[in-house]
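Engineer: First, the structure itself, so that you have it in front of you.
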Amino acid sequence: MPSLTLPYVPHYVAAPPSKETLEYADLAIIDISKADTEEGRAALAIEVREALLNHGFFYVVNHGYSQDQVRQFFHIVWIVDIISTQTDRIFDIADLPFSAVSDSEKQIYAGTMKQSGSYQGYKLRQYWHIDAGVRDQLEHYNINRDVTKRGHPEILRPLLQEIKEFSKHNHFNVLHPMLRLIARSLELPEDTLVNNHDYDAVGETYVRFMKYYPRTEEEETKTKNVWLKGHTDFGSITILWSQPVAALQILTREGKWRWIRHIENALVVNAGDALDFLTGGYYKGTIHRVVKPPEDQRNYPRLGVFYFVMPNDDVKLVPMAQSPVLQRAGIQRRCDDSEAPTMEQWRKARTSAYGRSELENGKEKGVEQEVINGLLVKHYN
């Protein structure tokens, strides 16, 4: 194989970690490298089950995204002046759609969320309504794992092969091992969920680069420092590459908001709606939100790298009733199986409605709600 010279990408300098005292969630840390053996998988399945039941959020470490691996992918000849780690480089790439693309070019590649129910392309700033007339100050760029599905800004085109390999790493080296552990925790054959999350199937699983920008004091006051209301993700699981700006919080089972701590080169994994549907409410989608960072990070942008995971589009979101664990626990269906949406129907409905629909006040304090595909969806303010 001929060698590949990686294109030069300016280094993104992130904020230093916060030194403020914050109330962090006590999340489990899953060492995915132990999944290589039968004994390791048996132990990890128990850890994953407890993590999903306790918080629905956990860390994954030793996931193998290393300098050696990127050399193996590409047979690389390095020409950059300073060799950063592979994780550093994906954040360098992640910043390009925002810092190196003009507003006019962004408009060319803007997504059509309301019309198509797909996030592919840009979600531009101020597209969503947050609260009290305040609109969002974040933008993201979304790339399907099939990077050829649509065009991309010029600055990203030489980097698409790297982005594709990054997506494959997430899918095969993180997602599939995690799905096998989740299936095992339900006493199902290990590939039960893997078969519903085929890399080459029609679906919307994608890489997201996201950037939050500091807001004005007036915006903070009007929204009570909430940058993104409490919500669940609509896929099966979300993989977030840990970064230093504190802003992400989860709602614990005790009803308390707790911060997510940054762990260098760790992944933050959480459950979403699709896993909730498929497990009959056993593994619930976790409510999370984004708020103003602590004061020592107040004026820094927050750059995020994600892998949003969904089952294949044609998967009907009904409980896996064959699971002995779910049979013992009792299955809580959100609707009759005959009325359950497919993943395609659910993702399109959630995508087109998010941040654009009129919400109603719910019975719970600080909770707003809407009905999507006949199912109640809550937003926590």
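A note on labels: chains of the structure tokens are A, B, ... as shown, every chain counts residues from 1, and ligands are counted from 1 in their shown order.
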Name the residues in contact with stretch 297-304 of chain A at a cut-off of 9 Å, using only C-alpha atoms, excluding same-chain residues fewer than 2 positions from it; report them as an NGL selection string.
Structural biologist: :A and (14-18 or 91 or 94-95 or 140 or 208-215 or 240-247 or 292-295 or 306)
Engineer: Given the selection you just returned, output its residues as a file containing N, CA, C and O atoms, formatted as a CSV table (one decimal), in the first residue's frame.
Structural biologist:
chain,number,residue,atom,x,y,z
A,14,ALA,N,-7.7,23.7,23.2
A,14,ALA,CA,-8.9,23.6,24.1
A,14,ALA,C,-8.7,24.4,25.4
A,14,ALA,O,-7.5,24.7,25.8
A,15,ALA,N,-9.8,24.6,26.1
A,15,ALA,CA,-9.7,25.3,27.4
A,15,ALA,C,-9.0,24.4,28.4
A,15,ALA,O,-9.1,23.1,28.3
A,16,PRO,N,-8.3,24.9,29.4
A,16,PRO,CA,-7.7,24.1,30.5
A,16,PRO,C,-8.9,23.6,31.3
A,16,PRO,O,-10.0,24.2,31.4
A,17,PRO,N,-8.8,22.4,31.9
A,17,PRO,CA,-9.8,21.9,32.8
A,17,PRO,C,-10.2,22.9,33.9
A,17,PRO,O,-9.3,23.6,34.4
A,18,SER,N,-11.5,22.8,34.3
A,18,SER,CA,-11.9,23.7,35.3
A,18,SER,C,-11.3,23.3,36.7
A,18,SER,O,-11.1,22.1,37.0
A,91,PHE,N,-10.0,16.3,17.1
A,91,PHE,CA,-10.5,17.6,17.6
A,91,PHE,C,-10.0,18.7,16.7
A,91,PHE,O,-10.7,19.7,16.4
A,94,ALA,N,-12.3,18.5,13.8
A,94,ALA,CA,-13.6,18.9,14.2
A,94,ALA,C,-13.8,20.4,14.2
A,94,ALA,O,-15.0,20.8,14.0
A,95,ASP,N,-12.8,21.1,14.5
A,95,ASP,CA,-13.0,22.6,14.5
A,95,ASP,C,-13.0,23.2,13.1
A,95,ASP,O,-13.6,24.3,13.0
A,140,HIS,N,-23.4,22.6,14.6
A,140,HIS,CA,-22.8,21.4,14.4
A,140,HIS,C,-22.8,20.9,13.0
A,140,HIS,O,-23.6,21.4,12.2
A,208,ARG,N,-20.6,13.6,14.5
A,208,ARG,CA,-21.0,15.0,14.7
A,208,ARG,C,-19.9,15.7,15.3
A,208,ARG,O,-19.3,15.3,16.3
A,209,PHE,N,-19.5,16.9,14.7
A,209,PHE,CA,-18.7,17.9,15.3
A,209,PHE,C,-19.5,19.0,15.7
A,209,PHE,O,-20.4,19.5,15.0
A,210,MET,N,-19.4,19.5,17.0
A,210,MET,CA,-20.3,20.5,17.5
A,210,MET,C,-19.5,21.5,18.3
A,210,MET,O,-18.5,21.2,19.0
A,211,LYS,N,-19.9,22.8,18.2
A,211,LYS,CA,-19.2,23.9,18.8
A,211,LYS,C,-20.2,24.8,19.5
A,211,LYS,O,-21.1,25.4,18.8
A,212,TYR,N,-20.1,25.0,20.8
A,212,TYR,CA,-20.9,25.9,21.6
A,212,TYR,C,-20.1,27.2,21.7
A,212,TYR,O,-18.9,27.1,22.0
A,213,TYR,N,-20.7,28.3,21.6
A,213,TYR,CA,-20.1,29.6,21.8
A,213,TYR,C,-20.6,30.3,23.0
A,213,TYR,O,-21.8,30.2,23.4
A,214,PRO,N,-19.7,31.1,23.7
A,214,PRO,CA,-20.2,31.9,24.9
A,214,PRO,C,-21.4,32.8,24.6
A,214,PRO,O,-21.5,33.3,23.5
A,215,ARG,N,-22.2,33.0,25.5
A,215,ARG,CA,-23.4,33.8,25.3
A,215,ARG,C,-23.4,35.0,26.2
A,215,ARG,O,-22.5,35.2,27.1
A,240,LEU,N,-19.6,10.1,23.2
A,240,LEU,CA,-19.0,11.4,23.2
A,240,LEU,C,-17.6,11.3,23.6
A,240,LEU,O,-17.2,10.7,24.6
A,241,TRP,N,-16.7,12.0,22.8
A,241,TRP,CA,-15.3,11.9,23.1
A,241,TRP,C,-15.0,13.1,24.2
A,241,TRP,O,-15.3,14.2,23.9
A,242,SER,N,-14.6,12.7,25.3
A,242,SER,CA,-14.4,13.6,26.5
A,242,SER,C,-13.6,14.8,26.1
A,242,SER,O,-12.5,14.7,25.5
A,243,GLN,N,-14.0,16.0,26.5
A,243,GLN,CA,-13.3,17.2,26.3
A,243,GLN,C,-13.4,18.1,27.6
A,243,GLN,O,-14.2,17.8,28.4
A,244,PRO,N,-12.5,19.1,27.8
A,244,PRO,CA,-12.3,19.6,29.1
A,244,PRO,C,-13.4,20.7,29.6
A,244,PRO,O,-13.4,21.0,30.8
A,245,VAL,N,-14.2,21.2,28.7
A,245,VAL,CA,-15.1,22.3,29.1
A,245,VAL,C,-16.3,21.7,29.8
A,245,VAL,O,-17.1,21.0,29.2
A,246,ALA,N,-16.4,21.9,31.1
A,246,ALA,CA,-17.6,21.4,31.8
A,246,ALA,C,-18.8,22.1,31.5
A,246,ALA,O,-18.9,23.4,31.5
A,247,ALA,N,-19.9,21.4,31.1
A,247,ALA,CA,-21.2,22.0,30.7
A,247,ALA,C,-22.2,20.9,30.7
A,247,ALA,O,-23.4,21.2,30.9
A,292,LYS,N,-24.3,26.7,31.2
A,292,LYS,CA,-23.2,27.6,31.2
A,292,LYS,C,-22.0,26.9,31.9
A,292,LYS,O,-22.2,26.4,33.0
A,293,PRO,N,-20.8,27.0,31.3
A,293,PRO,CA,-19.6,26.4,32.0
A,293,PRO,C,-19.3,27.2,33.3
A,293,PRO,O,-19.8,28.3,33.5
A,294,PRO,N,-18.5,26.6,34.2
A,294,PRO,CA,-18.0,27.3,35.4
A,294,PRO,C,-17.3,28.6,35.0
A,294,PRO,O,-16.8,28.7,33.8
A,295,GLU,N,-17.1,29.5,35.9
A,295,GLU,CA,-16.6,30.8,35.6
A,295,GLU,C,-15.2,30.8,35.0
A,295,GLU,O,-14.8,31.6,34.2
A,306,PHE,N,-18.7,13.5,18.5
A,306,PHE,CA,-19.7,12.5,18.9
A,306,PHE,C,-19.8,11.4,17.8
A,306,PHE,O,-19.5,11.7,16.6
Engineer: Within 9 Å of stretch 279-287 of chain A, counting only C-alpha atoms, which residues show up once you throw out same-chain ones fewer than 2 positions away? Write them as an MDAnalysis selection string, please.
Structural biologist: chainID A and resid 49 52:53 55:57 186 230:234 236:237 249:252 270:277 289 318:321 323 326 329:334 379:380
Engineer: According to DSSP computed on the backbone, where in stretch 71-199 of chain A is there strand (DSSP E)? Give the residues as a list in words.
Structural biologist: Ile76, Val77, Gly121, Tyr122, Lys123, His129, Ile130, Asp131, Val134, Arg135, Leu138, Glu139, His140, Tyr141, Asn142, Ile143 and Asn144 of chain A
Engineer: Can you write just those residues out, N, CA and C atoms, as an mmCIF file, in the first residue's frame?
Structural biologist:
data_model
loop_
_atom_site.group_PDB
_atom_site.id
_atom_site.type_symbol
_atom_site.label_atom_id
_atom_site.label_comp_id
_atom_site.auth_asym_id
_atom_site.auth_seq_id
_atom_site.Cartn_x
_atom_site.Cartn_y
_atom_site.Cartn_z
ATOM 1 N N ILE A 76 1.205 6.073 7.335
ATOM 2 C CA ILE A 76 1.349 7.524 7.245
ATOM 3 C C ILE A 76 2.798 7.975 7.223
ATOM 4 N N VAL A 77 3.062 8.990 6.403
ATOM 5 C CA VAL A 77 4.283 9.769 6.493
ATOM 6 C C VAL A 77 3.890 11.116 7.097
ATOM 7 N N GLY A 121 -25.208 17.429 7.342
ATOM 8 C CA GLY A 121 -24.805 18.781 7.015
ATOM 9 C C GLY A 121 -24.766 19.644 8.263
ATOM 10 N N TYR A 122 -24.910 20.951 8.090
ATOM 11 C CA TYR A 122 -24.835 21.892 9.209
ATOM 12 C C TYR A 122 -26.180 22.065 9.901
ATOM 13 N N LYS A 123 -26.148 22.106 11.236
ATOM 14 C CA LYS A 123 -27.191 22.757 12.019
ATOM 15 C C LYS A 123 -26.573 24.089 12.402
ATOM 16 N N HIS A 129 -35.017 27.243 19.255
ATOM 17 C CA HIS A 129 -35.458 28.140 20.327
ATOM 18 C C HIS A 129 -35.174 27.452 21.662
ATOM 19 N N ILE A 130 -34.482 28.166 22.553
ATOM 20 C CA ILE A 130 -34.151 27.593 23.861
ATOM 21 C C ILE A 130 -35.224 27.965 24.891
ATOM 22 N N ASP A 131 -35.385 29.259 25.145
ATOM 23 C CA ASP A 131 -36.381 29.699 26.122
ATOM 24 C C ASP A 131 -36.468 31.223 26.091
ATOM 25 N N VAL A 134 -34.876 33.359 23.465
ATOM 26 C CA VAL A 134 -33.437 33.166 23.224
ATOM 27 C C VAL A 134 -33.222 31.951 22.323
ATOM 28 N N ARG A 135 -32.419 32.136 21.292
ATOM 29 C CA ARG A 135 -32.096 31.043 20.392
ATOM 30 C C ARG A 135 -30.697 30.516 20.689
ATOM 31 N N LEU A 138 -25.033 27.468 19.202
ATOM 32 C CA LEU A 138 -24.189 26.324 18.875
ATOM 33 C C LEU A 138 -24.426 25.934 17.427
ATOM 34 N N GLU A 139 -23.421 25.376 16.827
ATOM 35 C CA GLU A 139 -23.559 24.841 15.483
ATOM 36 C C GLU A 139 -22.905 23.476 15.446
ATOM 37 N N HIS A 140 -23.434 22.633 14.593
ATOM 38 C CA HIS A 140 -22.757 21.351 14.414
ATOM 39 C C HIS A 140 -22.788 20.930 12.962
ATOM 40 N N TYR A 141 -21.818 20.063 12.660
ATOM 41 C CA TYR A 141 -21.711 19.516 11.312
ATOM 42 C C TYR A 141 -21.769 18.004 11.433
ATOM 43 N N ASN A 142 -22.657 17.387 10.659
ATOM 44 C CA ASN A 142 -22.948 15.966 10.792
ATOM 45 C C ASN A 142 -22.584 15.222 9.514
ATOM 46 N N ILE A 143 -21.872 14.105 9.690
ATOM 47 C CA ILE A 143 -21.353 13.350 8.549
ATOM 48 C C ILE A 143 -21.764 11.883 8.708
ATOM 49 N N ASN A 144 -22.627 11.412 7.813
ATOM 50 C CA ASN A 144 -23.020 10.007 7.830
ATOM 51 C C ASN A 144 -21.794 9.123 7.691
#
Engineer: If you run DSSP over the backbone, which residues in stretch 23-204 of chain A end up helix (DSSP H, G or I)? Put them as a ChimeraX atom specification.
Structural biologist: /A:32-36,38-54,67-74,86-99,103-108,113-116,154-185,194-196
Engineer: Calculate how many Å separate atom CA of A:Val268 from atom CA of A:Met343, rounding to one decimal.
Structural biologist: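 So the answer is 22.9 Å.
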Engineer: Give the answer as one residue: which of A:Arg328, A:His176, A:Lys34, A:Arg125 has the shortest atom-to-atom distance to A:Thr192, using only C-alpha atoms?
Structural biologist: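 Checking each candidate against A:Thr192, we get A:His176 as the closest.
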Engineer: When you draw a straight line from atom CA of A:Gln107 to atom CA of A:Gln137, how long is it in Å?
Structural biologist: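 Spanning atom CA of A:Gln107 to atom CA of A:Gln137 is a straight-line distance of 16.3 Å.
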Engineer: Mind giving me the straight-line distance from atom CA of A:Arg350 to atom CA of A:Met310 in Å, one decimal?
Structural biologist: 12.7 Å
Engineer: Applying 7 Å and only C-alpha atoms, which residues near A:Ala28 remain after dropping the ones on its own chain fewer than 6 positions away? List them as a PDB file with C-alpha atoms, in the first residue's frame.
Structural biologist:
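Generated file (part-v3.pdb):
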ATOM      1  CA  ALA A  51     -24.006   1.364  34.865  1.00  0.00           C
ATOM      2  CA  PHE A  58     -20.675   5.668  31.862  1.00  0.00           C
ATOM      3  CA  TYR A  59     -17.089   6.079  30.684  1.00  0.00           C
TER       4      TYR A  59
END
Engineer: Which is closer to A:Asp26 than all the others in A:Asn54, A:Glu165, A:Ala110, A:Gln322, using only C-alpha atoms?
Structural biologist: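 Comparing A:Asn54, A:Glu165, A:Ala110, A:Gln322 against A:Asp26, the winner is A:Asn54.
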Engineer: Within 12 Å of A:Gly133, counting only C-alpha atoms, which residues qualify if same-chain residues fewer than 2 places away don't, as a ChimeraX atom specification?
Structural biologist: /A:126,128-131,135-136,218-223,355
Engineer: What does the file look like for those residues with N, CA, C and O atoms, as a compact mmCIF listing (two decimals), in the first residue's frame?
Structural biologist:
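Final output, selection.txt:
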# COMPACT_ATOMS: atom_id res chain seq x y z
N GLN A 126 -28.53 29.53 16.07
CA GLN A 126 -29.83 30.17 16.24
C GLN A 126 -30.95 29.48 15.47
O GLN A 126 -31.99 30.08 15.17
N TRP A 128 -32.47 26.67 16.79
CA TRP A 128 -33.37 26.19 17.83
C TRP A 128 -33.79 27.33 18.77
O TRP A 128 -33.00 28.21 19.09
N HIS A 129 -35.02 27.24 19.26
CA HIS A 129 -35.46 28.14 20.33
C HIS A 129 -35.17 27.45 21.66
O HIS A 129 -35.55 26.30 21.87
N ILE A 130 -34.48 28.17 22.55
CA ILE A 130 -34.15 27.59 23.86
C ILE A 130 -35.22 27.96 24.89
O ILE A 130 -35.90 27.11 25.44
N ASP A 131 -35.38 29.26 25.14
CA ASP A 131 -36.38 29.70 26.12
C ASP A 131 -36.47 31.22 26.09
O ASP A 131 -35.48 31.91 25.79
N ARG A 135 -32.42 32.14 21.29
CA ARG A 135 -32.10 31.04 20.39
C ARG A 135 -30.70 30.52 20.69
O ARG A 135 -29.92 31.15 21.40
N ASP A 136 -30.41 29.33 20.18
CA ASP A 136 -29.16 28.65 20.53
C ASP A 136 -27.94 29.37 19.97
O ASP A 136 -28.02 30.09 18.97
N GLU A 218 -27.37 38.64 29.22
CA GLU A 218 -28.82 38.71 29.05
C GLU A 218 -29.40 37.36 28.64
O GLU A 218 -30.44 36.93 29.16
N GLU A 219 -28.70 36.67 27.72
CA GLU A 219 -29.16 35.35 27.31
C GLU A 219 -29.11 34.36 28.47
O GLU A 219 -30.02 33.53 28.64
N GLU A 220 -28.04 34.44 29.27
CA GLU A 220 -27.92 33.53 30.42
C GLU A 220 -29.04 33.77 31.41
O GLU A 220 -29.64 32.83 31.95
N THR A 221 -29.37 35.02 31.66
CA THR A 221 -30.41 35.35 32.63
C THR A 221 -31.77 34.84 32.15
O THR A 221 -32.54 34.23 32.91
N LYS A 222 -32.07 35.07 30.89
CA LYS A 222 -33.38 34.67 30.35
C LYS A 222 -33.56 33.16 30.34
O LYS A 222 -34.69 32.66 30.48
N THR A 223 -32.49 32.42 30.17
CA THR A 223 -32.59 30.95 30.07
C THR A 223 -32.16 30.25 31.35
O THR A 223 -32.08 29.02 31.36
N GLY A 355 -36.54 21.59 18.92
CA GLY A 355 -36.21 23.01 18.97
C GLY A 355 -37.05 23.89 18.07
O GLY A 355 -36.84 25.11 18.00
Engineer: What's around A:Pro311 at 10 Å? Count only C-alpha atoms, leave out sequence neighbours fewer than 6 positions away in its own chain, and write the answer as a list of chain:residue names.
Structural biologist: A:Leu193, A:Val194, A:Asn195, A:Asn196, A:His197, A:Asp198, A:Tyr199, A:Ala201, A:Val202, A:Gly203, A:Glu204, A:Thr205, A:Gly235, A:Ser236, A:Ile237, A:Ala274, A:Leu275, A:Leu317, A:Thr342, A:Met343, A:Glu344
Engineer: Could you write out that same residue set with N, CA, C and O atoms as an mmCIF file, in the first residue's frame?
Structural biologist:
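Writing done, so here's result04.cif:
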data_model
loop_
_atom_site.group_PDB
_atom_site.id
_atom_site.type_symbol
_atom_site.label_atom_id
_atom_site.label_comp_id
_atom_site.auth_asym_id
_atom_site.auth_seq_id
_atom_site.Cartn_x
_atom_site.Cartn_y
_atom_site.Cartn_z
ATOM 1 N N LEU A 193 -27.984 -7.377 19.151
ATOM 2 C CA LEU A 193 -28.042 -5.941 18.850
ATOM 3 C C LEU A 193 -27.061 -5.554 17.746
ATOM 4 O O LEU A 193 -27.323 -4.612 16.985
ATOM 5 N N VAL A 194 -25.951 -6.262 17.654
ATOM 6 C CA VAL A 194 -25.002 -5.994 16.571
ATOM 7 C C VAL A 194 -25.690 -6.148 15.217
ATOM 8 O O VAL A 194 -25.499 -5.341 14.296
ATOM 9 N N ASN A 195 -26.538 -7.158 15.101
ATOM 10 C CA ASN A 195 -27.229 -7.409 13.836
ATOM 11 C C ASN A 195 -28.209 -6.294 13.483
ATOM 12 O O ASN A 195 -28.592 -6.148 12.311
ATOM 13 N N ASN A 196 -28.651 -5.536 14.473
ATOM 14 C CA ASN A 196 -29.558 -4.412 14.231
ATOM 15 C C ASN A 196 -28.812 -3.098 14.000
ATOM 16 O O ASN A 196 -29.442 -2.059 13.769
ATOM 17 N N HIS A 197 -27.481 -3.140 14.109
ATOM 18 C CA HIS A 197 -26.660 -1.947 13.944
ATOM 19 C C HIS A 197 -25.554 -2.239 12.929
ATOM 20 O O HIS A 197 -24.369 -2.157 13.216
ATOM 21 N N ASP A 198 -25.978 -2.560 11.718
ATOM 22 C CA ASP A 198 -25.057 -2.946 10.648
ATOM 23 C C ASP A 198 -24.422 -1.691 10.055
ATOM 24 O O ASP A 198 -25.121 -0.741 9.682
ATOM 25 N N TYR A 199 -23.127 -1.676 9.947
ATOM 26 C CA TYR A 199 -22.417 -0.497 9.422
ATOM 27 C C TYR A 199 -22.858 -0.152 8.002
ATOM 28 O O TYR A 199 -22.940 1.021 7.632
ATOM 29 N N ALA A 201 -25.791 -0.937 6.533
ATOM 30 C CA ALA A 201 -27.236 -0.868 6.322
ATOM 31 C C ALA A 201 -27.679 0.575 6.125
ATOM 32 O O ALA A 201 -26.969 1.530 6.455
ATOM 33 N N VAL A 202 -28.884 0.748 5.599
ATOM 34 C CA VAL A 202 -29.461 2.082 5.467
ATOM 35 C C VAL A 202 -29.799 2.595 6.856
ATOM 36 O O VAL A 202 -30.475 1.929 7.641
ATOM 37 N N GLY A 203 -29.302 3.776 7.180
ATOM 38 C CA GLY A 203 -29.544 4.334 8.508
ATOM 39 C C GLY A 203 -28.838 5.656 8.663
ATOM 40 O O GLY A 203 -28.189 6.157 7.747
ATOM 41 N N GLU A 204 -28.946 6.244 9.851
ATOM 42 C CA GLU A 204 -28.495 7.614 10.062
ATOM 43 C C GLU A 204 -27.351 7.718 11.058
ATOM 44 O O GLU A 204 -26.981 8.807 11.466
ATOM 45 N N THR A 205 -26.777 6.619 11.515
ATOM 46 C CA THR A 205 -25.653 6.692 12.442
ATOM 47 C C THR A 205 -24.562 7.579 11.859
ATOM 48 O O THR A 205 -24.177 7.408 10.706
ATOM 49 N N GLY A 235 -31.425 7.944 19.613
ATOM 50 C CA GLY A 235 -30.822 6.715 19.122
ATOM 51 C C GLY A 235 -30.709 5.662 20.209
ATOM 52 O O GLY A 235 -31.345 5.740 21.257
ATOM 53 N N SER A 236 -29.874 4.661 19.941
ATOM 54 C CA SER A 236 -29.686 3.589 20.929
ATOM 55 C C SER A 236 -28.642 4.001 21.960
ATOM 56 O O SER A 236 -28.907 3.990 23.162
ATOM 57 N N ILE A 237 -27.438 4.368 21.502
ATOM 58 C CA ILE A 237 -26.447 4.926 22.412
ATOM 59 C C ILE A 237 -25.722 6.083 21.713
ATOM 60 O O ILE A 237 -25.705 6.175 20.485
ATOM 61 N N ALA A 274 -33.994 4.624 21.591
ATOM 62 C CA ALA A 274 -34.110 3.348 20.887
ATOM 63 C C ALA A 274 -33.794 2.179 21.807
ATOM 64 O O ALA A 274 -34.464 1.135 21.762
ATOM 65 N N LEU A 275 -32.780 2.346 22.673
ATOM 66 C CA LEU A 275 -32.463 1.275 23.626
ATOM 67 C C LEU A 275 -33.588 1.133 24.638
ATOM 68 O O LEU A 275 -33.916 0.017 25.072
ATOM 69 N N LEU A 317 -39.105 -0.616 16.574
ATOM 70 C CA LEU A 317 -38.680 -0.383 17.955
ATOM 71 C C LEU A 317 -39.657 -1.019 18.945
ATOM 72 O O LEU A 317 -40.403 -0.353 19.665
ATOM 73 N N THR A 342 -40.710 2.530 13.405
ATOM 74 C CA THR A 342 -39.396 2.051 13.000
ATOM 75 C C THR A 342 -38.377 3.104 13.430
ATOM 76 O O THR A 342 -38.719 4.236 13.769
ATOM 77 N N MET A 343 -37.097 2.736 13.383
ATOM 78 C CA MET A 343 -36.073 3.705 13.728
ATOM 79 C C MET A 343 -36.120 4.896 12.773
ATOM 80 O O MET A 343 -35.944 6.046 13.192
ATOM 81 N N GLU A 344 -36.370 4.648 11.513
ATOM 82 C CA GLU A 344 -36.454 5.749 10.555
ATOM 83 C C GLU A 344 -37.583 6.706 10.918
ATOM 84 O O GLU A 344 -37.403 7.934 10.906
#
Engineer: For each of A:Ile163, A:Val290, A:Ala349, A:Cys335, take the minimum atom-to-atom distance to A:Leu375, counting only C-alpha atoms, then give the residue where this is smallest.
Structural biologist: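 Closest to A:Leu375, using only C-alpha atoms: A:Cys335.
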Engineer: From the options A:Lys316, A:Lys149, A:His288, A:Lys348, which residue's atoms come nearest to A:Ala25, counting only C-alpha atoms?
Structural biologist: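 Selected residue with least distance to A:Ala25: A:His288.
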